[in-house]
Amino acid sequence: MSALIKWKNHHIEDVEVNLLLHALNERYGYDFTGYAKASLKRRLLELVSYFDIEHLSQLIPIMLYDEAVAQTVINSISVPTSDFFRDPFVWLHLRTHVLPELASFPRINIWQAGCGHGQEVYSLAILLHELGLAKKSHIFCTDINPEFLDDAKKGCWSTRNADIWRENYQKSGGNGTLSDFFIEQENKMFIRANYKQNIEFIQHNLVIDDVFKEVQLVICRNVLLYFGTDLQNHVLTLFTRSLERGGYLLLGRGENILNLKEQHLQLELRDTSLQLYRKTMDMDSNV
Ligand SMILES: C[S@@+](CC[C@H](N)C(=O)[O-])C[C@H]1O[C@@H](n2cnc3c(N)ncnc32)[C@H](O)[C@@H]1O
């Protein structure tokens, strides 16, 4: 008997992680089982000290009955790290190449998936305004996490990182000033209302929900890196279905999908350092 317990001890944290993920899915409909295991486990185990419990499995009954605790667990899995004009050279390329090319479309539909607290979607809105494309653009801004979406909708952040935003914005080719886009009040930066006009905020889970159709640009940066390979493939299929032929997919730096399945041959890599892909014009494919 004791030998069995000792043997089981090697796996006990994995068992606890699996049980917790199962409970979260059964009770709240959030399926994180396809996420990359190592980082998921690390983030969940951080909750042990946060909630001052001895074992992760003790969190399961608490989470089942207490929605606020469940939300904390969901927040710890869906990491919202972001910034305005993060990786400015990517935004410079959007400004000088991708968006001017899309300008020839009568309407520009953009799906920005995994918006966190909204820094990325408003960076995009600012670019569209500066290029005179805002009026004919529509952005589907989505995230799995309703709390992050609410924050994104509010469009309010601490002034703490304003210097970094200014620097990023300038490196991205912008020549305005932050006060063109934000109203500063009591250590907070509020995005000006006109940058919200063409954005539709929608709760959307890349694991279970369907696509937005006839999109010319999908931006999904720093989301796939949290997913396991099967889930990455599933999401890339969604994006391929969503895009019009000739449309662009922008992933995060380090999210190289070239070694993924053949179905993504419909996506050709345009620039490795940007992780920018384009849906081919090949009419034979049935995706
Ligand atoms: C690291 S943030 C990326 C924010 C922004 N895209 C950027 O790169 O600056 C990852 C975001 O993906 C969202 N996310 C995680 N799993 C998701 C899913 N299954 N469906 C939709 N969004 C998801 C998280 O809630 C989080 O807001």
# chains A, B, ... in the order shown; residues from 1 in each chain; ligands from 1
$ closest_atom_pairs --of "stretch 234-277 of chain A" --to "stretch 99-106 of chain A" --cutoff "12 Å" --atoms "only C-alpha atoms" --output "tab-separated table"
residue	atom	partner	partner_atom	distance
A:Glu244	CA	A:Phe105	CA	11.2
A:Gly246	CA	A:Leu102	CA	9.5
A:Gly247	CA	A:Leu102	CA	8.3
A:Tyr248	CA	A:Leu102	CA	9.3
$ write_last_selection --atoms "C-alpha atoms" --output "PDB file, in the first residue's frame"
ATOM      1  CA  GLU A 244     -10.317  36.366 -47.327  1.00  0.00           C
ATOM      2  CA  GLY A 246      -4.894  37.638 -49.882  1.00  0.00           C
ATOM      3  CA  GLY A 247      -5.694  38.595 -46.268  1.00  0.00           C
ATOM      4  CA  TYR A 248      -2.986  38.811 -43.594  1.00  0.00           C
TER       5      TYR A 248
END
$ residues_around --residues "A:Ile74" --least-positions-apart "5" --cutoff "12 Å" --atoms "only C-alpha atoms" --output "list in words"
Leu20, Leu21, Leu24, Asn25, Tyr28, Gly29, Tyr30, Asp31, Phe32, Leu40, Arg43, Leu44, Leu47, Met63, Glu67, Ala68, Val69, Val79, Pro80, Ile144, Asn145, Pro146, Glu147 and Phe148 of chain A
$ residues_near_ligand --ligand "ligand 1" --cutoff "7 Å" --atoms "only C-alpha atoms and all ligand atoms" --output "list in words"
Ser78, Val79, Pro80, Thr81, Ser82, Asp83, Arg86, Ala113, Gly114, Cys115, Gly116, His117, Gln119, Glu120, Thr142, Asp143, Ile144, Asn145, Phe148, His204, Asn205, Leu206, Val207, Cys220, Arg221, Asn222, Val223 and Gly252 of chain A
$ write_last_selection --atoms "N, CA and C atoms" --output "PDB file, in the first residue's frame"
ATOM      1  N   SER A  78      -5.261  32.972 -18.143  1.00  0.00           N
ATOM      2  CA  SER A  78      -5.305  33.813 -19.348  1.00  0.00           C
ATOM      3  C   SER A  78      -4.531  35.107 -19.074  1.00  0.00           C
ATOM      4  N   VAL A  79      -3.250  35.046 -19.319  1.00  0.00           N
ATOM      5  CA  VAL A  79      -2.335  36.141 -18.940  1.00  0.00           C
ATOM      6  C   VAL A  79      -2.530  37.372 -19.842  1.00  0.00           C
ATOM      7  N   PRO A  80      -2.819  38.559 -19.293  1.00  0.00           N
ATOM      8  CA  PRO A  80      -3.139  39.706 -20.157  1.00  0.00           C
ATOM      9  C   PRO A  80      -1.966  40.622 -20.513  1.00  0.00           C
ATOM     10  N   THR A  81      -0.718  40.161 -20.322  1.00  0.00           N
ATOM     11  CA  THR A  81       0.447  41.031 -20.563  1.00  0.00           C
ATOM     12  C   THR A  81       0.385  41.684 -21.948  1.00  0.00           C
ATOM     13  N   SER A  82       0.524  42.996 -22.004  1.00  0.00           N
ATOM     14  CA  SER A  82       0.447  43.705 -23.284  1.00  0.00           C
ATOM     15  C   SER A  82       1.033  45.096 -23.132  1.00  0.00           C
ATOM     16  N   ASP A  83       1.064  45.832 -24.213  1.00  0.00           N
ATOM     17  CA  ASP A  83       1.520  47.220 -24.158  1.00  0.00           C
ATOM     18  C   ASP A  83       1.113  47.949 -25.429  1.00  0.00           C
ATOM     19  N   ARG A  86       3.482  47.554 -28.817  1.00  0.00           N
ATOM     20  CA  ARG A  86       4.491  46.559 -28.409  1.00  0.00           C
ATOM     21  C   ARG A  86       5.200  46.040 -29.663  1.00  0.00           C
ATOM     22  N   ALA A 113      -7.693  39.035 -31.965  1.00  0.00           N
ATOM     23  CA  ALA A 113      -8.048  37.967 -31.017  1.00  0.00           C
ATOM     24  C   ALA A 113      -7.075  37.959 -29.841  1.00  0.00           C
ATOM     25  N   GLY A 114      -7.636  37.915 -28.629  1.00  0.00           N
ATOM     26  CA  GLY A 114      -6.793  37.906 -27.434  1.00  0.00           C
ATOM     27  C   GLY A 114      -6.330  39.313 -27.111  1.00  0.00           C
ATOM     28  N   CYS A 115      -7.291  40.185 -26.735  1.00  0.00           N
ATOM     29  CA  CYS A 115      -6.974  41.624 -26.646  1.00  0.00           C
ATOM     30  C   CYS A 115      -6.405  42.029 -25.291  1.00  0.00           C
ATOM     31  N   GLY A 116      -6.438  41.143 -24.292  1.00  0.00           N
ATOM     32  CA  GLY A 116      -5.969  41.548 -22.967  1.00  0.00           C
ATOM     33  C   GLY A 116      -6.733  42.780 -22.495  1.00  0.00           C
ATOM     34  N   HIS A 117      -6.016  43.779 -22.000  1.00  0.00           N
ATOM     35  CA  HIS A 117      -6.680  44.995 -21.495  1.00  0.00           C
ATOM     36  C   HIS A 117      -6.836  46.071 -22.565  1.00  0.00           C
ATOM     37  N   GLN A 119      -4.660  47.343 -24.993  1.00  0.00           N
ATOM     38  CA  GLN A 119      -3.590  48.215 -25.515  1.00  0.00           C
ATOM     39  C   GLN A 119      -3.370  47.990 -27.012  1.00  0.00           C
ATOM     40  N   GLU A 120      -3.481  46.720 -27.430  1.00  0.00           N
ATOM     41  CA  GLU A 120      -3.182  46.409 -28.828  1.00  0.00           C
ATOM     42  C   GLU A 120      -4.284  46.905 -29.773  1.00  0.00           C
ATOM     43  N   THR A 142     -11.673  40.553 -29.571  1.00  0.00           N
ATOM     44  CA  THR A 142     -12.187  39.439 -28.775  1.00  0.00           C
ATOM     45  C   THR A 142     -11.194  38.988 -27.711  1.00  0.00           C
ATOM     46  N   ASP A 143     -11.760  38.398 -26.671  1.00  0.00           N
ATOM     47  CA  ASP A 143     -10.946  37.752 -25.647  1.00  0.00           C
ATOM     48  C   ASP A 143     -11.840  36.738 -24.929  1.00  0.00           C
ATOM     49  N   ILE A 144     -11.204  35.729 -24.373  1.00  0.00           N
ATOM     50  CA  ILE A 144     -11.942  34.705 -23.610  1.00  0.00           C
ATOM     51  C   ILE A 144     -12.418  35.260 -22.274  1.00  0.00           C
ATOM     52  N   ASN A 145     -11.709  36.254 -21.754  1.00  0.00           N
ATOM     53  CA  ASN A 145     -11.900  36.665 -20.369  1.00  0.00           C
ATOM     54  C   ASN A 145     -12.796  37.910 -20.286  1.00  0.00           C
ATOM     55  N   PHE A 148     -11.198  41.072 -18.674  1.00  0.00           N
ATOM     56  CA  PHE A 148     -10.223  41.789 -19.510  1.00  0.00           C
ATOM     57  C   PHE A 148     -10.974  42.607 -20.567  1.00  0.00           C
ATOM     58  N   HIS A 204     -15.159  35.851 -26.805  1.00  0.00           N
ATOM     59  CA  HIS A 204     -14.984  34.787 -27.804  1.00  0.00           C
ATOM     60  C   HIS A 204     -13.853  33.879 -27.330  1.00  0.00           C
ATOM     61  N   ASN A 205     -14.151  32.577 -27.343  1.00  0.00           N
ATOM     62  CA  ASN A 205     -13.154  31.599 -26.900  1.00  0.00           C
ATOM     63  C   ASN A 205     -12.619  30.853 -28.109  1.00  0.00           C
ATOM     64  N   LEU A 206     -11.341  31.003 -28.369  1.00  0.00           N
ATOM     65  CA  LEU A 206     -10.730  30.374 -29.549  1.00  0.00           C
ATOM     66  C   LEU A 206     -10.824  28.845 -29.498  1.00  0.00           C
ATOM     67  N   VAL A 207     -11.073  28.284 -28.319  1.00  0.00           N
ATOM     68  CA  VAL A 207     -11.155  26.820 -28.198  1.00  0.00           C
ATOM     69  C   VAL A 207     -12.486  26.306 -28.743  1.00  0.00           C
ATOM     70  N   CYS A 220      -3.340  38.183 -33.907  1.00  0.00           N
ATOM     71  CA  CYS A 220      -3.426  37.352 -32.700  1.00  0.00           C
ATOM     72  C   CYS A 220      -2.004  37.143 -32.195  1.00  0.00           C
ATOM     73  N   ARG A 221      -1.570  38.061 -31.369  1.00  0.00           N
ATOM     74  CA  ARG A 221      -0.174  38.024 -30.925  1.00  0.00           C
ATOM     75  C   ARG A 221      -0.088  37.558 -29.475  1.00  0.00           C
ATOM     76  N   ASN A 222       0.877  36.674 -29.242  1.00  0.00           N
ATOM     77  CA  ASN A 222       1.180  36.216 -27.894  1.00  0.00           C
ATOM     78  C   ASN A 222       0.007  35.513 -27.220  1.00  0.00           C
ATOM     79  N   VAL A 223      -0.734  34.762 -27.997  1.00  0.00           N
ATOM     80  CA  VAL A 223      -1.814  33.919 -27.483  1.00  0.00           C
ATOM     81  C   VAL A 223      -1.476  32.452 -27.783  1.00  0.00           C
ATOM     82  N   GLY A 252       2.477  36.712 -32.871  1.00  0.00           N
ATOM     83  CA  GLY A 252       3.489  37.355 -32.035  1.00  0.00           C
ATOM     84  C   GLY A 252       4.885  36.864 -32.391  1.00  0.00           C
TER      85      GLY A 252
END
$ atom_distance --atom1 "atom CA of A:Lys171" --atom2 "atom CA of A:Phe89"
7.0 Å
$ residues_around --residues "A:Leu131" --least-positions-apart "4" --cutoff "12 Å" --atoms "only C-alpha atoms" --output "list of chain:residue names"
A:Leu94, A:Arg95, A:Thr96, A:His97, A:Val98, A:Leu99, A:Pro100, A:Glu101, A:Leu102, A:Ala103, A:Leu124, A:Ala125, A:Ile126, A:Leu127, A:Lys135, A:Lys136, A:Ser137, A:Gly173, A:Gly174
$ select_by_dssp --residues "stretch 144-278 of chain A" --states "helix (DSSP H, G or I)" --output "PyMOL selection string"
chain A and resi 146-154+159-171+178-181+193-195+224-226+229-242+262-266
$ write_last_selection --atoms "N, CA and C atoms" --output "compact mmCIF listing (two decimals), in the first residue's frame"
# COMPACT_ATOMS: atom_id res chain seq x y z
N PRO A 146 -14.01 37.78 -19.71
CA PRO A 146 -14.93 38.93 -19.67
C PRO A 146 -14.38 40.11 -18.88
N GLU A 147 -13.57 39.84 -17.86
CA GLU A 147 -13.00 40.95 -17.07
C GLU A 147 -12.02 41.76 -17.90
N PHE A 148 -11.20 41.07 -18.67
CA PHE A 148 -10.22 41.79 -19.51
C PHE A 148 -10.97 42.61 -20.57
N LEU A 149 -12.03 41.99 -21.13
CA LEU A 149 -12.81 42.70 -22.16
C LEU A 149 -13.44 43.98 -21.60
N ASP A 150 -13.97 43.89 -20.37
CA ASP A 150 -14.57 45.08 -19.74
C ASP A 150 -13.52 46.18 -19.58
N ASP A 151 -12.33 45.78 -19.14
CA ASP A 151 -11.25 46.77 -18.99
C ASP A 151 -10.90 47.37 -20.35
N ALA A 152 -10.82 46.50 -21.36
CA ALA A 152 -10.48 46.99 -22.70
C ALA A 152 -11.53 48.00 -23.18
N LYS A 153 -12.80 47.67 -22.94
CA LYS A 153 -13.89 48.57 -23.35
C LYS A 153 -13.77 49.93 -22.67
N LYS A 154 -13.42 49.90 -21.38
CA LYS A 154 -13.29 51.17 -20.64
C LYS A 154 -12.16 52.01 -21.22
N THR A 159 -0.83 55.70 -15.69
CA THR A 159 0.15 56.47 -16.48
C THR A 159 1.57 55.88 -16.35
N ARG A 160 1.71 54.84 -15.52
CA ARG A 160 3.03 54.28 -15.19
C ARG A 160 3.92 54.04 -16.42
N ASN A 161 3.31 53.46 -17.48
CA ASN A 161 4.13 53.08 -18.64
C ASN A 161 4.08 54.09 -19.79
N ALA A 162 3.58 55.29 -19.50
CA ALA A 162 3.37 56.26 -20.59
C ALA A 162 4.65 56.55 -21.37
N ASP A 163 5.81 56.58 -20.67
CA ASP A 163 7.07 56.87 -21.39
C ASP A 163 7.38 55.78 -22.40
N ILE A 164 7.12 54.54 -22.01
CA ILE A 164 7.36 53.41 -22.94
C ILE A 164 6.41 53.51 -24.13
N TRP A 165 5.14 53.85 -23.87
CA TRP A 165 4.17 53.97 -24.97
C TRP A 165 4.61 55.03 -25.96
N ARG A 166 5.07 56.18 -25.40
CA ARG A 166 5.50 57.30 -26.26
C ARG A 166 6.65 56.85 -27.15
N GLU A 167 7.61 56.17 -26.53
CA GLU A 167 8.80 55.72 -27.27
C GLU A 167 8.38 54.69 -28.34
N ASN A 168 7.54 53.73 -27.95
CA ASN A 168 7.07 52.71 -28.91
C ASN A 168 6.33 53.37 -30.07
N TYR A 169 5.45 54.31 -29.73
CA TYR A 169 4.65 54.97 -30.76
C TYR A 169 5.55 55.69 -31.76
N GLN A 170 6.56 56.40 -31.23
CA GLN A 170 7.47 57.12 -32.14
C GLN A 170 8.25 56.15 -33.02
N LYS A 171 8.71 55.05 -32.41
CA LYS A 171 9.46 54.05 -33.20
C LYS A 171 8.57 53.39 -34.24
N LEU A 178 1.07 61.74 -27.26
CA LEU A 178 0.12 60.90 -26.54
C LEU A 178 -1.18 61.65 -26.24
N SER A 179 -1.08 62.96 -26.03
CA SER A 179 -2.30 63.71 -25.69
C SER A 179 -3.27 63.79 -26.87
N ASP A 180 -2.80 63.43 -28.09
CA ASP A 180 -3.73 63.32 -29.22
C ASP A 180 -4.71 62.15 -28.99
N PHE A 181 -4.26 61.14 -28.25
CA PHE A 181 -5.05 59.91 -28.11
C PHE A 181 -5.64 59.71 -26.72
N ALA A 193 -12.66 59.10 -27.00
CA ALA A 193 -13.84 58.32 -27.44
C ALA A 193 -13.80 57.98 -28.93
N ASN A 194 -13.23 58.87 -29.76
CA ASN A 194 -13.30 58.60 -31.21
C ASN A 194 -12.49 57.37 -31.62
N TYR A 195 -11.54 56.93 -30.76
CA TYR A 195 -10.77 55.73 -31.10
C TYR A 195 -11.53 54.45 -30.78
N LEU A 224 -1.10 32.16 -29.03
CA LEU A 224 -0.82 30.77 -29.42
C LEU A 224 0.31 30.16 -28.62
N LEU A 225 1.20 30.99 -28.11
CA LEU A 225 2.34 30.44 -27.37
C LEU A 225 1.90 29.75 -26.08
N TYR A 226 0.69 30.05 -25.62
CA TYR A 226 0.17 29.39 -24.41
C TYR A 226 -0.55 28.09 -24.74
N THR A 229 0.12 21.99 -29.28
CA THR A 229 0.17 21.94 -30.74
C THR A 229 -1.20 21.69 -31.37
N ASP A 230 -2.00 20.78 -30.82
CA ASP A 230 -3.33 20.49 -31.42
C ASP A 230 -4.21 21.73 -31.40
N LEU A 231 -4.18 22.43 -30.28
CA LEU A 231 -5.00 23.63 -30.17
C LEU A 231 -4.49 24.74 -31.10
N GLN A 232 -3.17 24.85 -31.23
CA GLN A 232 -2.61 25.83 -32.17
C GLN A 232 -3.12 25.54 -33.58
N ASN A 233 -3.11 24.25 -33.95
CA ASN A 233 -3.61 23.87 -35.28
C ASN A 233 -5.08 24.23 -35.46
N HIS A 234 -5.86 23.96 -34.43
CA HIS A 234 -7.29 24.28 -34.49
C HIS A 234 -7.49 25.78 -34.72
N VAL A 235 -6.75 26.59 -33.97
CA VAL A 235 -6.93 28.04 -34.06
C VAL A 235 -6.44 28.57 -35.41
N LEU A 236 -5.36 28.01 -35.90
CA LEU A 236 -4.87 28.45 -37.22
C LEU A 236 -5.86 28.11 -38.32
N THR A 237 -6.57 26.99 -38.15
CA THR A 237 -7.61 26.65 -39.12
C THR A 237 -8.74 27.68 -39.05
N LEU A 238 -9.09 28.09 -37.83
CA LEU A 238 -10.12 29.15 -37.67
C LEU A 238 -9.69 30.41 -38.42
N PHE A 239 -8.44 30.81 -38.21
CA PHE A 239 -7.97 32.06 -38.81
C PHE A 239 -7.95 31.94 -40.34
N THR A 240 -7.54 30.76 -40.84
CA THR A 240 -7.50 30.57 -42.29
C THR A 240 -8.90 30.66 -42.87
N ARG A 241 -9.89 30.08 -42.15
CA ARG A 241 -11.28 30.16 -42.63
C ARG A 241 -11.79 31.59 -42.56
N SER A 242 -11.34 32.31 -41.58
CA SER A 242 -11.83 33.66 -41.37
C SER A 242 -11.33 34.62 -42.45
N GLU A 262 -0.11 20.51 -42.38
CA GLU A 262 -0.16 20.88 -43.79
C GLU A 262 -1.32 21.81 -44.15
N GLN A 263 -2.41 21.73 -43.38
CA GLN A 263 -3.55 22.55 -43.77
C GLN A 263 -3.21 24.04 -43.80
N HIS A 264 -2.11 24.38 -43.09
CA HIS A 264 -1.75 25.79 -43.04
C HIS A 264 -0.86 26.19 -44.20
N LEU A 265 -0.69 25.27 -45.16
CA LEU A 265 0.05 25.64 -46.36
C LEU A 265 -0.67 26.77 -47.09
N GLN A 266 -1.95 26.94 -46.77
CA GLN A 266 -2.68 28.08 -47.33
C GLN A 266 -2.17 29.41 -46.80
$ select_by_dssp --residues "stretch 43-172 of chain A" --states "strand (DSSP E or B)" --output "ChimeraX atom specification"
/A:108-113,137-143,156-158
$ closest_residue --among "A:Gln275, A:Ser76, A:Asn198, A:Ser123" --to "A:Trp91" --atoms "only C-alpha atoms"
A:Ser123
